[in-house]
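Scroll down for the structure; my scribbles are underneath it.
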Amino acid sequence: MSPFSRRAFTVGAPASLLTACTGHGSGAPRPAATARPVPAKRARPLARSVPVRLLIPAIGVDTPVIRLGLAADGTVQVPPVTAHDRAGWYRHSPTPGARGPSVILGHVTVGPYGDGVFRRLARLHRGDRIVARLENGTAAEFAVTAVRTVPKTDFPADDVYGNVDRPELRLITCGGARTGDGYADNVIVFAALSGTKSPTSGER
Amino acid sequence: MRRTVLSVLALAGTAVLMGTGPAFADGPATPSPVPSDAAPSTRPAESAEPTRTPEPARKTPSAEPTRAPADGQVSVRPSGAPDTGVAATGASGTGGTAIGAGAAAVLALGGGTVFVVRRRRATGA
């Protein structure tokens, strides 16, 4: 019994160690696997419909969405500085859920009125949920893929406005150090469509 | 008489020839320009070929769907970076700091006074 069991032990122990190691090895890509679902969930693009409301539960955002165009100097318009700050959708970009980068802007602060609607945008993390309710009653659900803070002098226009082959969302606000009455940086949240919801009762 | 008859016959012959002459002349000359000029002008205008001309016209709208995906992207790229933050005026910021410092000073003074009063009472008793 003893020599045989010793042999069995000497064979079995390394084997169990090996399986444990391979098990641990398979666990290593788990972070990548958890990271994968965000871009991997490819929902079907939605039909064009203007956004009317934006919800970001992780940072308590629930705001109407207005339409924005271009300013006279060629820069993108921003929502008006008011006490009731709102987000604005850049109307020369795709509507949320349609193929391409849909761009929504909001203030981080609105001067004398205090915090803007995107005050805590930089606190978002990869995987956080963003919901854009559309005029036709559907809701486009996005998952955050990246949050970047970039100097305004080096604004990544290609990354923000460049063509993409799937429905994506860009949320833009200001951040970083104050420069006079403004800010030195832009905070940009990149998100990809993760799902859609048909019109629900009792909701706008 | 014979002369007049002959001359009349000759005139008649020339008249017939003159009549047929233009007919021959129109045959080779005008028909060739007329079909070449008239047919193209009538074909696009009214004939059966107008049904062909709409077809190429339909092909151009069919090319527009290829533009539609491009419309799905950002059609007009803004210049510069968005100015999405109007900071509160610096005065109000320093004002807030001053208010905070004042409140802290008042608290410290009050706490100190209470401490001193208690100590005096304790020593007095």
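In the structure tokens, chains take the letters A, B, ... in the order shown, each chain's residues start at 1, and ligands count up from 1 in the order shown.
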Could you tell me which residues of chain B sit within 7 Å of chain A when counting only C-alpha atoms, and give me the result as a PDB file with N, CA, C and O atoms, in the first residue's frame?
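For reference, iface.pdb as written:
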ATOM      1  N   GLY B  72     -24.702  59.280 -41.626  1.00  0.00           N
ATOM      2  CA  GLY B  72     -24.830  58.739 -40.291  1.00  0.00           C
ATOM      3  C   GLY B  72     -23.686  59.141 -39.391  1.00  0.00           C
ATOM      4  O   GLY B  72     -23.803  59.073 -38.184  1.00  0.00           O
ATOM      5  N   GLN B  73     -22.594  59.534 -39.979  1.00  0.00           N
ATOM      6  CA  GLN B  73     -21.452  59.984 -39.186  1.00  0.00           C
ATOM      7  C   GLN B  73     -21.576  61.486 -38.927  1.00  0.00           C
ATOM      8  O   GLN B  73     -22.595  62.084 -39.249  1.00  0.00           O
ATOM      9  N   VAL B  74     -20.542  62.070 -38.363  1.00  0.00           N
ATOM     10  CA  VAL B  74     -20.566  63.515 -38.118  1.00  0.00           C
ATOM     11  C   VAL B  74     -20.416  64.227 -39.457  1.00  0.00           C
ATOM     12  O   VAL B  74     -19.408  64.067 -40.141  1.00  0.00           O
ATOM     13  N   SER B  75     -21.453  64.977 -39.849  1.00  0.00           N
ATOM     14  CA  SER B  75     -21.446  65.594 -41.172  1.00  0.00           C
ATOM     15  C   SER B  75     -20.647  66.893 -41.200  1.00  0.00           C
ATOM     16  O   SER B  75     -20.038  67.226 -42.208  1.00  0.00           O
ATOM     17  N   VAL B  76     -20.665  67.626 -40.125  1.00  0.00           N
ATOM     18  CA  VAL B  76     -19.890  68.876 -40.038  1.00  0.00           C
ATOM     19  C   VAL B  76     -19.032  68.805 -38.778  1.00  0.00           C
ATOM     20  O   VAL B  76     -19.559  68.719 -37.667  1.00  0.00           O
ATOM     21  N   ARG B  77     -17.741  68.838 -38.980  1.00  0.00           N
ATOM     22  CA  ARG B  77     -16.841  68.707 -37.836  1.00  0.00           C
ATOM     23  C   ARG B  77     -16.542  70.091 -37.246  1.00  0.00           C
ATOM     24  O   ARG B  77     -16.020  70.957 -37.947  1.00  0.00           O
ATOM     25  N   PRO B  78     -16.869  70.308 -35.983  1.00  0.00           N
ATOM     26  CA  PRO B  78     -16.600  71.620 -35.385  1.00  0.00           C
ATOM     27  C   PRO B  78     -15.099  71.835 -35.235  1.00  0.00           C
ATOM     28  O   PRO B  78     -14.330  70.878 -35.156  1.00  0.00           O
ATOM     29  N   SER B  79     -14.735  73.093 -35.157  1.00  0.00           N
ATOM     30  CA  SER B  79     -13.322  73.407 -34.951  1.00  0.00           C
ATOM     31  C   SER B  79     -13.077  73.660 -33.469  1.00  0.00           C
ATOM     32  O   SER B  79     -13.963  74.123 -32.751  1.00  0.00           O
ATOM     33  N   GLY B  80     -11.886  73.368 -33.044  1.00  0.00           N
ATOM     34  CA  GLY B  80     -11.504  73.652 -31.668  1.00  0.00           C
ATOM     35  C   GLY B  80     -12.146  72.736 -30.651  1.00  0.00           C
ATOM     36  O   GLY B  80     -12.785  71.743 -30.994  1.00  0.00           O
ATOM     37  N   ALA B  81     -11.953  73.101 -29.405  1.00  0.00           N
ATOM     38  CA  ALA B  81     -12.489  72.301 -28.297  1.00  0.00           C
ATOM     39  C   ALA B  81     -13.738  72.967 -27.746  1.00  0.00           C
ATOM     40  O   ALA B  81     -13.835  74.188 -27.723  1.00  0.00           O
ATOM     41  N   PRO B  82     -14.710  72.161 -27.320  1.00  0.00           N
ATOM     42  CA  PRO B  82     -15.938  72.743 -26.753  1.00  0.00           C
ATOM     43  C   PRO B  82     -15.654  73.492 -25.447  1.00  0.00           C
ATOM     44  O   PRO B  82     -14.868  73.026 -24.625  1.00  0.00           O
ATOM     45  N   ASP B  83     -16.312  74.629 -25.302  1.00  0.00           N
ATOM     46  CA  ASP B  83     -16.144  75.425 -24.087  1.00  0.00           C
ATOM     47  C   ASP B  83     -17.333  75.155 -23.173  1.00  0.00           C
ATOM     48  O   ASP B  83     -18.292  75.918 -23.133  1.00  0.00           O
ATOM     49  N   THR B  84     -17.253  74.061 -22.455  1.00  0.00           N
ATOM     50  CA  THR B  84     -18.404  73.580 -21.687  1.00  0.00           C
ATOM     51  C   THR B  84     -18.230  73.790 -20.197  1.00  0.00           C
ATOM     52  O   THR B  84     -18.661  72.960 -19.402  1.00  0.00           O
ATOM     53  N   GLY B  85     -17.615  74.893 -19.848  1.00  0.00           N
ATOM     54  CA  GLY B  85     -17.481  75.158 -18.414  1.00  0.00           C
ATOM     55  C   GLY B  85     -17.305  76.632 -18.166  1.00  0.00           C
ATOM     56  O   GLY B  85     -16.333  77.225 -18.629  1.00  0.00           O
ATOM     57  N   VAL B  86     -18.267  77.223 -17.490  1.00  0.00           N
ATOM     58  CA  VAL B  86     -18.121  78.624 -17.094  1.00  0.00           C
ATOM     59  C   VAL B  86     -17.860  78.613 -15.600  1.00  0.00           C
ATOM     60  O   VAL B  86     -18.760  78.327 -14.809  1.00  0.00           O
ATOM     61  N   ALA B  87     -16.613  78.870 -15.257  1.00  0.00           N
ATOM     62  CA  ALA B  87     -16.248  78.821 -13.847  1.00  0.00           C
ATOM     63  C   ALA B  87     -16.853  80.005 -13.115  1.00  0.00           C
ATOM     64  O   ALA B  87     -17.066  81.075 -13.700  1.00  0.00           O
ATOM     65  N   ALA B  88     -17.133  79.808 -11.846  1.00  0.00           N
ATOM     66  CA  ALA B  88     -17.610  80.918 -11.023  1.00  0.00           C
ATOM     67  C   ALA B  88     -16.503  81.966 -10.938  1.00  0.00           C
ATOM     68  O   ALA B  88     -15.321  81.631 -11.035  1.00  0.00           O
ATOM     69  N   THR B  89     -16.894  83.216 -10.788  1.00  0.00           N
ATOM     70  CA  THR B  89     -15.893  84.293 -10.773  1.00  0.00           C
ATOM     71  C   THR B  89     -14.931  84.080  -9.624  1.00  0.00           C
ATOM     72  O   THR B  89     -15.310  83.610  -8.549  1.00  0.00           O
TER      73      THR B  89
END
d(CA of Arg53 (chain A), CA of Ala122 (chain A)) in Å: 19.9 Å
- prompt: Using only C-alpha atoms, which of A:Val117, A:Leu124, A:Arg44, A:Thr63 sits nearest Glu168 (chain A)?
  reply: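 So, comparing all the options, the nearest one is A:Arg44.
In this structure, CA of Arg42 (chain A) sits 13.3 Å away from CA of Val144 (chain A).
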field: Atom pair CA of Ala139 (chain A) / CA of Ile66 (chain A): separation (Å)
entry: 16.3 Å
- request: Would you mind writing down, as a ChimeraX atom specification, each residue of region 52-170 of chain A that DSSP on the backbone assigns to helix (DSSP H, G or I)?
  value: /A:57-59,111-113,121-123,152-154,157-161
